[in-house]
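The structure under discussion appears below in the form of structure tokens.
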Amino acid sequence: MVRFQNVGMRYGLGSEVLRDVNFELRPGSFHFLSGASGAGKSSLLKLIYLAHRPSRGLVTLFDTDVTTASRNELAMIRRRIGVVFQEFRLLNHLSVIENVSLPLKVSGQDWEENREHAVELLNWVGLEDCIDSSPQVLSGGQKQRVAIARAVISRPELLLADEPTGNVDDVIALRLLYLFEELNRLGTTVIIATHSEALMERFAHPRLHLSEGALLGPLTGPPPSPGFGS
Amino acid sequence: MNWRQRDLALSNDPTQRFLPWMLAMIVYLAGLSLAGMMSLSSAMDRWDTGLKGTVTVQVPAAKSQAADGAVGKLVGILRRTKGVIAARPLDNRDTANLLRPWIGGDTLVADLPLPRLIDVRVETDPGPDLGKLRKALDAAVPGTVLDDHKKALDHLVSFARSVELVGVLVLLLVALAGIATVIFITRTGLAIHHEGIEILHLMGALDSYVAGQFQGQALELGLKGGAIGLAFTAATVGMLSHFSGAVGSDLLPKVELGPLQWLALAAVPIGVTAIAMVTARITVIRTLQRLP
């Protein structure tokens, strides 16, 4: 489903923020992406959700080499990926339900057929009272849940979440993780970038650990400490 | 949810509020240029039709005063010439009437040595051999001039064509100004909404989907601005038509538009809107090509 071979990435003419990244994720897998702040977690996710191109190496998504795919092919791949952005990235002039339904509209699906599904999803993330509200009046946690609902509404084959529990309390965080697990059970491949050790310990999924742009893993437990093996 | 609602809040942009007025001005200027060109074209047709099939014979002033019989002699030659339908000598009063717009009242005209004129109607296809006729008239009364108006008409038509060319240039410049305005406003919109555009792009929106948002906005604003511009154009053309009719001069082209010409004028805002839509689409798609 996702394969990186000797991938490197840099912003402009700066130094590489990712170096020689190699990994492969099977369909239906669930991984945490861990690493200290600045280790390259968001950059790696950007490469997977096609917001950035690798500076070198080969990225293959859904058996398609993204460097040779046409613009339309890339758009079709993006429709198979749901993304929860760290900074939510909601459109403030649209209501909550309009934001959540946007991926369906973009892919040309019928609104009437999907409205019930959108409402159900908003109920599930505890936002049933905010359906017609503007995102501007929501708290950080509520915005986070809208962003999650928007990422999963089109039942993506691959779900990427960048610190999805960073702005919510523990109860909501657990609830969201259960939602991700439920989606994973239904066949969605999940990658969650987080630095919450507690969360990773509670949900026993393999980790991809980034350290200064280099990838360790997949690991089944916490990454070795900096002094480990020296 | 209104599924047709635009995903980008383009209508909130200050530049978008300014666009209908810019387009209204463009439609107004383009409409006036077009109306001017169409009026001039109609006037040229009228001049051509009015002078086609007519020639004027002019007997020099000295001869005409000396011998009224000379005019009769010339009329006789004309009437016998094949291809001449009618020849009507103008008396001094008719000639004075022709000159009155330029040199004023009867007293002054009466003192002038006026040439005698013969108004001649000829067949057009085939017409008389004017070269031969010219020689015959000159032989009968030396100094007689036969004027087929071609020279005057050619000068007039050449001047009118130059004015028309200026009109076409104005139309082109106005169209270019419109395109430049739409490009500038679309680019500003792209910069203001780059965040929303990136979200749509990452959700899998095709470039044409994003371009459709700007195109729809251009359609709406183009029609709004076009309607305003057309209303002002119609009012101005109506006013000019009224005043040019009141002048009552055959020399000045009348600003008169027929139903088809009004239809052409009504097509200006549609054309401007179409140009705005295509420009917005191309600008957006070119800019989106830079996204990964």
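Residues in the structure tokens are named by chain (A, B, ... in the order shown) and by number from 1 within that chain; ligands are numbered from 1 in the order shown.
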
Quiz item: Hey, what's within 9 Å of region 53-61 of chain A if we count only C-alpha atoms and toss same-chain stuff fewer than 5 positions away? As a PyMOL selection string, please?
Solution: (chain A and resi 1-11+16+20-21+46-48+66-67+77) or (chain B and resi 292)

Exercise. Would you give me, as a ChimeraX atom specification, the residues of chain A that come within 8 Å of chain B, using only C-alpha atoms?
Key: /A:49-53,72,74-79,81-82,89,91,93-94,97-98,103,105-107,111

Self-check item: All residues 9 Å or closer to Ile118 (chain B), only C-alpha atoms, same chain fewer than 6 positions away omitted, as a VMD selection string
Solution: chain B and resid 55 to 59 71 74 to 75 87 to 91

Could you make a table, as a tab-separated table, of the residues of region 171-209 of chain A that have an atom within 6 Å of an atom of region 29-41 of chain A, each with its nearest atom pair and distance in Å to one decimal, counting only C-alpha atoms, in chain and number order?
```
residue	atom	partner	partner_atom	distance
A:Thr189	CA	A:Ser29	CA	5.0
A:Val190	CA	A:Phe30	CA	4.7
A:Ile191	CA	A:His31	CA	4.9
A:Ile192	CA	A:Phe32	CA	4.8
A:Ala193	CA	A:Leu33	CA	4.3
A:Thr194	CA	A:Ser34	CA	5.5
A:His195	CA	A:Ser34	CA	5.6
A:His205	CA	A:His31	CA	5.7
A:Pro206	CA	A:His31	CA	5.2
A:Arg207	CA	A:Phe32	CA	4.7
A:Leu208	CA	A:Leu33	CA	4.7
A:His209	CA	A:Ser34	CA	4.7
```

Take the selection from the previous step and output its residues with C-alpha atoms, as a PDB file, in the first residue's frame.
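Okay, out-v6.pdb is ready:
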```pdb
ATOM      1  CA  THR A 189      -4.663   1.371   6.883  1.00  0.00           C
ATOM      2  CA  VAL A 190      -3.866   3.840   9.664  1.00  0.00           C
ATOM      3  CA  ILE A 191      -0.775   5.895  10.457  1.00  0.00           C
ATOM      4  CA  ILE A 192      -0.923   8.165  13.495  1.00  0.00           C
ATOM      5  CA  ALA A 193       1.862  10.618  14.202  1.00  0.00           C
ATOM      6  CA  THR A 194       2.091  11.257  17.915  1.00  0.00           C
ATOM      7  CA  HIS A 195       4.571  11.889  20.657  1.00  0.00           C
ATOM      8  CA  HIS A 205       0.538  -1.159  17.457  1.00  0.00           C
ATOM      9  CA  PRO A 206       3.961  -1.140  15.781  1.00  0.00           C
ATOM     10  CA  ARG A 207       5.851   2.122  15.610  1.00  0.00           C
ATOM     11  CA  LEU A 208       7.759   3.901  12.914  1.00  0.00           C
ATOM     12  CA  HIS A 209      10.218   6.001  14.832  1.00  0.00           C
TER      13      HIS A 209
END
```

Quiz prompt | Nearest to Arg19 (chain A), chosen from A:Val137, A:Val119, A:Leu44, A:Ile148, with only C-alpha atoms counted in the distances | solution = A:Leu44

Self-check item: Long-range neighbours of Asn99 (chain A) as JSON, numbers by chain, 8 Å cut-off, only C-alpha atoms, 3 positions minimum in chain
Solution: {"A": [90, 91, 94, 95, 96, 102, 146, 150]}

Take the residues from that selection and write them out as a compact mmCIF listing (two decimals), in the first residue's frame, keeping C-alpha atoms.
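Output saved as part30.txt:
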```
# COMPACT_ATOMS: atom_id res chain seq x y z
CA LEU A 90 -11.07 23.80 8.43
CA LEU A 91 -12.76 26.27 6.09
CA LEU A 94 -18.49 26.71 5.81
CA SER A 95 -20.53 25.12 8.60
CA VAL A 96 -19.32 22.07 10.49
CA LEU A 102 -16.37 18.48 1.60
CA VAL A 146 -14.47 18.02 12.93
CA ARG A 150 -13.84 15.09 7.60
```

Quiz item: Using only C-alpha atoms, which residues sit within 12 Å of Ala139 (chain B) once same-chain residues fewer than 4 positions away are excluded, as number ranges by chain?
Solution: B: 70, 73-74, 77, 132-135, 143-145

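You will find CA of Ser139 (chain A) at 28.6 Å from CA of Arg80 (chain A).
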
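Here the strand (DSSP E or B) residues in region 107-221 of chain A, by DSSP on the backbone, are Leu158, Leu159, Leu160, Ala161, Asp162, Thr189, Val190, Ile191, Ile192, Ala193, Arg207, Leu208, His209, Leu210, Ser211, Ala214, Leu215, Leu216, Gly217, Pro218 and Leu219 of chain A.
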
Write a file of the just-selected residues containing all heavy atoms, as a compact mmCIF listing (two decimals), in the first residue's frame.
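What ended up in out.txt:
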```
# COMPACT_ATOMS: atom_id res chain seq x y z
N LEU A 158 -6.56 4.70 3.29
CA LEU A 158 -5.39 5.03 4.10
C LEU A 158 -5.72 6.28 4.91
O LEU A 158 -6.18 7.29 4.36
CB LEU A 158 -4.19 5.31 3.18
CG LEU A 158 -2.90 5.80 3.83
CD1 LEU A 158 -2.34 4.77 4.80
CD2 LEU A 158 -1.85 6.11 2.75
N LEU A 159 -5.55 6.20 6.24
CA LEU A 159 -5.85 7.35 7.09
C LEU A 159 -4.56 7.82 7.76
O LEU A 159 -3.86 7.04 8.39
CB LEU A 159 -6.89 6.96 8.15
CG LEU A 159 -7.25 8.07 9.13
CD1 LEU A 159 -8.03 9.18 8.45
CD2 LEU A 159 -8.06 7.52 10.30
N LEU A 160 -4.27 9.10 7.61
CA LEU A 160 -3.09 9.69 8.23
C LEU A 160 -3.54 10.75 9.22
O LEU A 160 -4.41 11.56 8.89
CB LEU A 160 -2.20 10.36 7.18
CG LEU A 160 -1.86 9.55 5.93
CD1 LEU A 160 -1.15 10.43 4.91
CD2 LEU A 160 -0.98 8.37 6.30
N ALA A 161 -3.00 10.70 10.42
CA ALA A 161 -3.39 11.70 11.41
C ALA A 161 -2.14 12.26 12.08
O ALA A 161 -1.29 11.50 12.54
CB ALA A 161 -4.31 11.07 12.44
N ASP A 162 -2.05 13.59 12.05
CA ASP A 162 -0.88 14.26 12.63
C ASP A 162 -1.27 14.80 14.00
O ASP A 162 -2.02 15.77 14.09
CB ASP A 162 -0.45 15.39 11.68
CG ASP A 162 0.97 15.86 11.97
OD1 ASP A 162 1.57 15.35 12.93
OD2 ASP A 162 1.47 16.71 11.22
N THR A 189 -6.03 1.33 6.38
CA THR A 189 -4.66 1.37 6.88
C THR A 189 -4.48 2.70 7.63
O THR A 189 -4.90 3.74 7.11
CB THR A 189 -3.67 1.30 5.70
OG1 THR A 189 -4.00 0.15 4.93
CG2 THR A 189 -2.23 1.22 6.17
N VAL A 190 -3.93 2.63 8.83
CA VAL A 190 -3.87 3.84 9.66
C VAL A 190 -2.42 4.14 10.05
O VAL A 190 -1.67 3.24 10.43
CB VAL A 190 -4.74 3.66 10.94
CG1 VAL A 190 -4.67 4.90 11.82
CG2 VAL A 190 -6.18 3.34 10.58
N ILE A 191 -2.07 5.42 9.93
CA ILE A 191 -0.78 5.90 10.46
C ILE A 191 -1.07 7.12 11.33
O ILE A 191 -1.67 8.09 10.85
CB ILE A 191 0.20 6.31 9.34
CG1 ILE A 191 0.40 5.17 8.34
CG2 ILE A 191 1.53 6.75 9.92
CD1 ILE A 191 1.22 5.56 7.13
N ILE A 192 -0.68 7.04 12.59
CA ILE A 192 -0.92 8.16 13.50
C ILE A 192 0.41 8.70 14.01
O ILE A 192 1.18 7.97 14.63
CB ILE A 192 -1.81 7.72 14.69
CG1 ILE A 192 -3.18 7.31 14.16
CG2 ILE A 192 -1.95 8.84 15.71
CD1 ILE A 192 -4.09 6.77 15.23
N ALA A 193 0.65 9.98 13.69
CA ALA A 193 1.86 10.62 14.20
C ALA A 193 1.55 11.17 15.58
O ALA A 193 0.57 11.90 15.76
CB ALA A 193 2.28 11.75 13.27
N ARG A 207 5.47 0.71 15.77
CA ARG A 207 5.85 2.12 15.61
C ARG A 207 6.86 2.28 14.48
O ARG A 207 7.73 1.43 14.28
CB ARG A 207 6.54 2.63 16.87
CG ARG A 207 5.73 2.57 18.10
CD ARG A 207 6.56 3.15 19.23
NE ARG A 207 5.91 2.90 20.51
CZ ARG A 207 6.33 3.41 21.65
NH1 ARG A 207 7.40 4.18 21.67
NH2 ARG A 207 5.70 3.15 22.77
N LEU A 208 6.70 3.44 13.81
CA LEU A 208 7.76 3.90 12.91
C LEU A 208 8.38 5.06 13.67
O LEU A 208 7.70 6.04 13.96
CB LEU A 208 7.17 4.39 11.58
CG LEU A 208 6.42 3.36 10.74
CD1 LEU A 208 5.60 4.07 9.67
CD2 LEU A 208 7.39 2.40 10.09
N HIS A 209 9.63 4.96 14.01
CA HIS A 209 10.22 6.00 14.83
C HIS A 209 11.22 6.82 14.01
O HIS A 209 12.11 6.26 13.38
CB HIS A 209 10.92 5.39 16.05
CG HIS A 209 11.44 6.43 16.99
ND1 HIS A 209 10.62 7.16 17.82
CD2 HIS A 209 12.71 6.90 17.19
CE1 HIS A 209 11.35 8.02 18.50
NE2 HIS A 209 12.63 7.87 18.13
N LEU A 210 11.04 8.11 14.05
CA LEU A 210 11.93 9.01 13.31
C LEU A 210 12.88 9.70 14.28
O LEU A 210 12.46 10.19 15.33
CB LEU A 210 11.13 10.07 12.57
CG LEU A 210 10.60 9.69 11.19
CD1 LEU A 210 9.58 10.72 10.72
CD2 LEU A 210 11.71 9.56 10.16
N SER A 211 14.14 9.70 13.91
CA SER A 211 15.12 10.42 14.72
C SER A 211 16.04 11.19 13.79
O SER A 211 16.75 10.58 12.98
CB SER A 211 15.90 9.42 15.57
OG SER A 211 16.90 10.09 16.29
N ALA A 214 15.96 10.20 10.15
CA ALA A 214 16.18 8.80 9.78
C ALA A 214 15.11 7.94 10.44
O ALA A 214 14.67 8.25 11.55
CB ALA A 214 17.56 8.36 10.21
N LEU A 215 14.72 6.87 9.76
CA LEU A 215 13.61 6.05 10.27
C LEU A 215 14.13 4.78 10.93
O LEU A 215 14.98 4.08 10.38
CB LEU A 215 12.68 5.69 9.11
CG LEU A 215 11.39 4.97 9.50
CD1 LEU A 215 10.40 5.94 10.12
CD2 LEU A 215 10.77 4.30 8.29
N LEU A 216 13.57 4.51 12.10
CA LEU A 216 13.84 3.23 12.78
C LEU A 216 12.51 2.48 12.80
O LEU A 216 11.48 3.05 13.05
CB LEU A 216 14.30 3.46 14.22
CG LEU A 216 15.50 4.38 14.45
CD1 LEU A 216 15.72 4.58 15.93
CD2 LEU A 216 16.74 3.77 13.82
N GLY A 217 12.55 1.23 12.61
CA GLY A 217 11.29 0.48 12.71
C GLY A 217 10.86 -0.08 11.40
O GLY A 217 11.60 -0.02 10.43
N PRO A 218 9.69 -0.71 11.36
CA PRO A 218 8.72 -0.72 12.44
C PRO A 218 9.22 -1.44 13.70
O PRO A 218 9.84 -2.49 13.60
CB PRO A 218 7.54 -1.49 11.84
CG PRO A 218 7.73 -1.45 10.37
CD PRO A 218 9.18 -1.38 10.15
N LEU A 219 8.94 -0.81 14.84
CA LEU A 219 9.31 -1.36 16.13
C LEU A 219 8.06 -1.83 16.85
O LEU A 219 6.98 -1.28 16.64
CB LEU A 219 10.01 -0.29 16.98
CG LEU A 219 11.16 0.49 16.32
CD1 LEU A 219 11.54 1.69 17.18
CD2 LEU A 219 12.36 -0.41 16.11
```

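Residues within 12 Å of Leu138 (chain A), counting only C-alpha atoms and excluding same-chain residues fewer than 2 positions away, are Phe88, Leu90, Asn92, Ser95, Val96, Leu127, Asp129, Cys130, Ile131, Asp132, Ser133, Ser134, Pro135, Gln136, Gly140, Gly141, Gln142, Lys143, Gln144, Arg145, Val146 and Ala147 of chain A.
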
Quiz item: Which of region 8-195 of chain B counts as alpha helix (DSSP H) under DSSP, as number ranges by chain please?
Solution: B: 14-51, 61-66, 68-80, 92-103, 106-111, 130-140, 150-192, 194-195

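For the pair CA of Val122 (chain B) and CA of Trp47 (chain B), the interatomic distance is 16.5 Å.
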
If we count only C-alpha atoms and set the cut-off at 10 Å, which residues sit around Leu34 (chain B), ignoring sequence neighbours fewer than 4 positions away in its own chain? Please answer as a compact mmCIF listing (two decimals) with all heavy atoms, in the first residue's frame.
```
# COMPACT_ATOMS: atom_id res chain seq x y z
N TYR B 28 -18.95 49.12 -21.03
CA TYR B 28 -19.40 50.45 -21.47
C TYR B 28 -18.50 50.97 -22.59
O TYR B 28 -18.98 51.38 -23.66
CB TYR B 28 -19.38 51.41 -20.27
CG TYR B 28 -19.82 52.81 -20.60
CD1 TYR B 28 -21.16 53.09 -20.91
CD2 TYR B 28 -18.92 53.87 -20.59
CE1 TYR B 28 -21.57 54.38 -21.21
CE2 TYR B 28 -19.32 55.16 -20.88
CZ TYR B 28 -20.64 55.41 -21.19
OH TYR B 28 -21.05 56.67 -21.50
N LEU B 29 -17.17 50.92 -22.37
CA LEU B 29 -16.24 51.42 -23.39
C LEU B 29 -16.31 50.57 -24.66
O LEU B 29 -16.33 51.11 -25.77
CB LEU B 29 -14.81 51.41 -22.83
CG LEU B 29 -14.54 52.42 -21.72
CD1 LEU B 29 -13.15 52.23 -21.15
CD2 LEU B 29 -14.71 53.85 -22.24
N ALA B 30 -16.36 49.26 -24.48
CA ALA B 30 -16.43 48.37 -25.65
C ALA B 30 -17.75 48.60 -26.40
O ALA B 30 -17.77 48.65 -27.64
CB ALA B 30 -16.32 46.91 -25.21
N MET B 38 -20.51 50.75 -35.69
CA MET B 38 -21.71 50.32 -36.43
C MET B 38 -22.42 51.52 -37.04
O MET B 38 -22.92 51.45 -38.18
CB MET B 38 -22.65 49.53 -35.50
CG MET B 38 -22.08 48.16 -35.14
SD MET B 38 -23.21 47.06 -34.25
CE MET B 38 -23.56 47.97 -32.78
N SER B 39 -22.46 52.66 -36.32
CA SER B 39 -23.10 53.87 -36.85
C SER B 39 -22.34 54.37 -38.08
O SER B 39 -22.92 54.76 -39.08
CB SER B 39 -23.10 54.98 -35.81
OG SER B 39 -23.87 54.58 -34.74
N LEU B 40 -21.00 54.33 -37.97
CA LEU B 40 -20.17 54.80 -39.07
C LEU B 40 -20.35 53.91 -40.29
O LEU B 40 -20.44 54.40 -41.43
CB LEU B 40 -18.71 54.77 -38.61
CG LEU B 40 -17.74 55.65 -39.37
CD1 LEU B 40 -18.19 57.10 -39.31
CD2 LEU B 40 -16.34 55.50 -38.79
N GLU B 164 -12.75 53.61 -38.13
CA GLU B 164 -13.16 52.24 -37.77
C GLU B 164 -11.98 51.46 -37.18
O GLU B 164 -12.13 50.73 -36.20
CB GLU B 164 -13.67 51.51 -39.00
CG GLU B 164 -15.18 51.58 -39.13
CD GLU B 164 -15.70 50.66 -40.22
OE1 GLU B 164 -14.93 50.27 -41.11
OE2 GLU B 164 -16.88 50.35 -40.15
N GLY B 167 -11.46 52.37 -33.81
CA GLY B 167 -12.48 51.70 -32.99
C GLY B 167 -12.08 50.27 -32.66
O GLY B 167 -12.21 49.82 -31.52
N VAL B 168 -11.55 49.55 -33.65
CA VAL B 168 -11.12 48.17 -33.43
C VAL B 168 -9.97 48.14 -32.42
O VAL B 168 -9.94 47.30 -31.51
CB VAL B 168 -10.69 47.51 -34.77
CG1 VAL B 168 -10.04 46.16 -34.53
CG2 VAL B 168 -11.89 47.35 -35.69
N VAL B 170 -9.38 50.34 -30.09
CA VAL B 170 -9.94 50.63 -28.76
C VAL B 170 -10.56 49.36 -28.19
O VAL B 170 -10.35 49.00 -27.02
CB VAL B 170 -10.98 51.77 -28.84
CG1 VAL B 170 -11.76 51.90 -27.54
CG2 VAL B 170 -10.30 53.09 -29.18
N LEU B 171 -11.32 48.63 -29.03
CA LEU B 171 -11.94 47.37 -28.57
C LEU B 171 -10.88 46.39 -28.09
O LEU B 171 -11.04 45.76 -27.04
CB LEU B 171 -12.73 46.73 -29.72
CG LEU B 171 -14.19 47.12 -29.86
CD1 LEU B 171 -14.83 46.35 -31.00
CD2 LEU B 171 -14.96 46.83 -28.57
N GLN B 261 -28.11 45.43 -34.73
CA GLN B 261 -26.98 46.14 -34.10
C GLN B 261 -27.16 46.23 -32.58
O GLN B 261 -26.21 46.11 -31.82
CB GLN B 261 -26.82 47.52 -34.72
CG GLN B 261 -26.33 47.41 -36.16
CD GLN B 261 -26.39 48.73 -36.91
OE1 GLN B 261 -27.34 49.48 -36.76
NE2 GLN B 261 -25.40 48.98 -37.72
N ALA B 264 -26.14 42.99 -31.29
CA ALA B 264 -24.67 42.90 -31.21
C ALA B 264 -24.16 43.61 -29.97
O ALA B 264 -23.25 43.13 -29.28
CB ALA B 264 -24.04 43.51 -32.45
N LEU B 265 -24.79 44.75 -29.65
CA LEU B 265 -24.40 45.50 -28.46
C LEU B 265 -24.72 44.70 -27.18
O LEU B 265 -23.93 44.70 -26.23
CB LEU B 265 -25.18 46.83 -28.45
CG LEU B 265 -24.46 48.04 -27.90
CD1 LEU B 265 -23.14 48.26 -28.58
CD2 LEU B 265 -25.34 49.28 -28.05
N VAL B 268 -22.13 42.19 -26.09
CA VAL B 268 -20.85 42.65 -25.52
C VAL B 268 -20.66 42.13 -24.08
O VAL B 268 -19.62 41.53 -23.77
CB VAL B 268 -20.73 44.19 -25.58
CG1 VAL B 268 -19.50 44.68 -24.81
CG2 VAL B 268 -20.63 44.64 -27.03
```
